[in-house]
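**Q** Here it is, the structure, as structure tokens.
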Amino acid sequence: MNLILFGPPGVGKGTQAARLAAAHNLLHISTGDILRAAIADGSPLGRTAQKFVESGGLVPDDIIIGLVREVLEHLPDGKKGFLLDGFPRTLEQARALDGLFRELGISDVRIVMLTAPEQELIDRMVRRGIEQGRKDDTAETIRHRLEVYYAQTEPVKAYYETSRGVKLVDGLGSVEEVTARIERAL
Ligand code: B4P
């Protein structure tokens, strides 16, 4: 099984992805984590990505698609599949991913979109900003990230509804409750 988990910022993609990847022995591919690690390392990717991530914008499609291609072309043995967390985030990324799946002969891909009311997303990100000090979790950046989400990521939902099918899962409730809902949807 391969899984795509997407949804608005702060909805709990990373939280749920870690649990699902562990439970099903999937390779957890978080584009956000890859970018934050690159920024912390000061690598060329990190230096390019930093201004986009920290301002709440999206890293350019060609960079992020190249990064995901690299990972999917070199999947390790010993995993039962992969879980894409936070990718795709634009229509161009979704179309490129379909192309990659065709090229690499990847099938059995299930798609889950997590949802939550906007105020809950804001509350969670503000809390995470206080607890973890993430530079993109400030009030102004959160507002911008939500605008970017509505303009660029929400259309991915309609794209998948008319192509592959997508399961919408309510992200409100305890972490355990949300995991159980995703498992049922799968
Ligand atoms: P991501 O790392 O994907 O992060 P996110 O959307 O902010 O959070 P996520 O939904 O994973 O929420 P989390 O589990 O942490 O992206 C960060 C940035 O990277 C983007 O803004 C962009 O700049 C860049 N980027 C990433 N992918 C890209 C792409 N494909 N293209 C271009 N740019 C890209 O949960 C949030 C908080 O809520 C946590 O504190 C958590 O503890 C809490 N929480 C989780 N579940 C909860 C629950 N059930 N109840 C209460 N709190 C909960």
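For the structure tokens, the naming scheme is as follows: chains receive sequential letters (A, B, ...) according to their order of presentation, residues are indexed from 1 within each chain, and ligands are indexed from 1 in presentation order.
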So that I can see what lies close to range 48-63 of chain A, please list as a PyMOL selection string the residues with an atom at most 9 Å from it, counting only C-alpha atoms and leaving out residues fewer than 3 positions away in the same chain.

**A** chain A and resi 32+35-36+38-39+43-45+66-68+89-90+92-93+134-137+140-146+148

**Q** Take the residues that were just selected and, keeping C-alpha atoms, output them as a short mmCIF file (atom, residue, chain, number, x, y, z; two decimals), in the first residue's frame.

**A**
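Okay, this is what ended up in again-v8.cif:
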```
data_model
loop_
_atom_site.label_atom_id
_atom_site.label_comp_id
_atom_site.auth_asym_id
_atom_site.auth_seq_id
_atom_site.Cartn_x
_atom_site.Cartn_y
_atom_site.Cartn_z
CA GLY A 32 8.37 19.63 5.14
CA LEU A 35 13.19 20.97 3.77
CA ARG A 36 13.62 21.79 7.48
CA ALA A 38 18.15 20.92 4.62
CA ILE A 39 17.71 24.40 6.13
CA SER A 43 22.83 22.72 2.22
CA PRO A 44 22.23 24.30 -1.22
CA LEU A 45 18.62 23.00 -1.12
CA GLY A 66 12.85 16.84 -8.27
CA LEU A 67 13.29 16.04 -4.60
CA VAL A 68 10.32 13.63 -4.53
CA ARG A 89 0.56 20.80 -2.50
CA THR A 90 -0.19 22.23 -5.96
CA GLU A 92 1.38 20.95 -10.90
CA GLN A 93 2.83 18.70 -8.19
CA ARG A 134 9.10 27.00 14.30
CA LYS A 135 9.73 30.21 12.38
CA ASP A 136 6.69 29.66 10.12
CA ASP A 137 4.29 29.39 13.08
CA GLU A 140 1.35 36.66 10.26
CA THR A 141 3.00 33.66 8.59
CA ILE A 142 0.13 31.37 9.59
CA ARG A 143 -2.32 33.75 7.87
CA HIS A 144 -0.21 33.67 4.72
CA ARG A 145 0.11 29.88 4.80
CA LEU A 146 -3.67 29.56 4.95
CA VAL A 148 -1.54 29.88 0.02
#
```

**Q** Among range 5-186 of chain A, which ones does DSSP place in alpha helix (DSSP H), written as a PyMOL selection string?

**A** chain A and resi 13-24+31-41+44-55+61-73+91-104+118-132+139-148+154-162+175-185

**Q** Find the residues near ligand 1. Use a cut-off of 6 Å, count only C-alpha atoms and all ligand atoms, and write them as a PyMOL selection string.

**A** chain A and resi 9-15+31-33+52-53+56-59+64+86-89+124-125+128+172-175

**Q** Of the residues A:Leu84, A:Leu75, A:Leu5, A:Ala17, which is the one nearest to Ile29 in chain A, using only C-alpha atoms?

**A**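 Once distances to Ile29 in chain A are computed over only C-alpha atoms, the minimum belongs to A:Leu84.
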
**Q** Rank nothing, just name the residue among A:Ile130, A:Leu91, A:Ile122, A:Leu97 nearest to Glu154 in chain A, using only C-alpha atoms.

**A** A:Leu91

**Q** Show which residues sit within 7 Å of Ile111 in chain A, as a list of chain:residue names. Count only C-alpha atoms, and ignore same-chain residues fewer than 4 positions away.

**A**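 The residues that qualify are A:Leu3, A:Ile4, A:Leu5, A:Val166, A:Lys167.
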
**Q** Using only C-alpha atoms for the distances, tell me which of A:Val156, A:Leu168, A:Leu186, A:Val126 is nearest to Leu114 in chain A.

**A**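 Closest residue, counting only C-alpha atoms: A:Leu168.
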
**Q** In Å, with one decimal, what is the gap from CA of Ala185 in chain A to CA of Glu147 in chain A?

**A**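 Value for the CA of Ala185 in chain A-CA of Glu147 in chain A distance: 28.1 Å.
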
**Q** Tell me, as a list in words, which residues lie within 9 Å of Lys157 in chain A, counting only C-alpha atoms; anything in the same chain fewer than 5 positions away does not count.

**A**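 Here the answer would be Phe6, Gly7, Met113, Thr162 and Val166 of chain A.
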
**Q** Write a file of the just-selected residues containing N, CA, C and O atoms, as a CSV table (one decimal), in the first residue's frame.

**A**
```
chain,number,residue,atom,x,y,z
A,6,PHE,N,-2.7,14.5,2.6
A,6,PHE,CA,-2.6,15.9,2.4
A,6,PHE,C,-3.7,16.7,3.1
A,6,PHE,O,-4.7,16.1,3.7
A,7,GLY,N,-3.6,18.0,3.1
A,7,GLY,CA,-4.6,18.8,3.8
A,7,GLY,C,-4.0,20.1,4.2
A,7,GLY,O,-2.9,20.4,3.8
A,113,MET,N,-7.4,13.0,2.6
A,113,MET,CA,-7.3,14.4,2.9
A,113,MET,C,-7.8,14.6,4.4
A,113,MET,O,-9.0,14.2,4.7
A,162,THR,N,-11.9,13.8,-9.1
A,162,THR,CA,-12.3,13.4,-10.4
A,162,THR,C,-11.3,12.4,-11.0
A,162,THR,O,-11.6,11.9,-12.1
A,166,VAL,N,-10.6,10.3,-3.4
A,166,VAL,CA,-10.0,10.7,-2.2
A,166,VAL,C,-10.9,10.5,-1.0
A,166,VAL,O,-12.1,10.8,-1.1
```

**Q** Between A:Glu161, A:Glu120, A:Glu183, A:Asp98, which one has atoms that come closest to Ile65 in chain A, using only C-alpha atoms?

**A**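 Looking at the shortest contact to Ile65 in chain A, the residue is A:Asp98.
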
**Q** Check the smallest atom-to-atom distance from each of A:Glu131, A:Ser30, A:Ala151, A:Val112 to Arg184 in chain A using only C-alpha atoms, then report the winner.

**A**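 Answer, going by the shortest atom-to-atom distance: A:Val112.
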
**Q** Could you tell me how far CA of Thr138 in chain A sits from CA of Leu20 in chain A, in Å to one decimal place?

**A**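 These atoms are spaced 28.3 Å apart.
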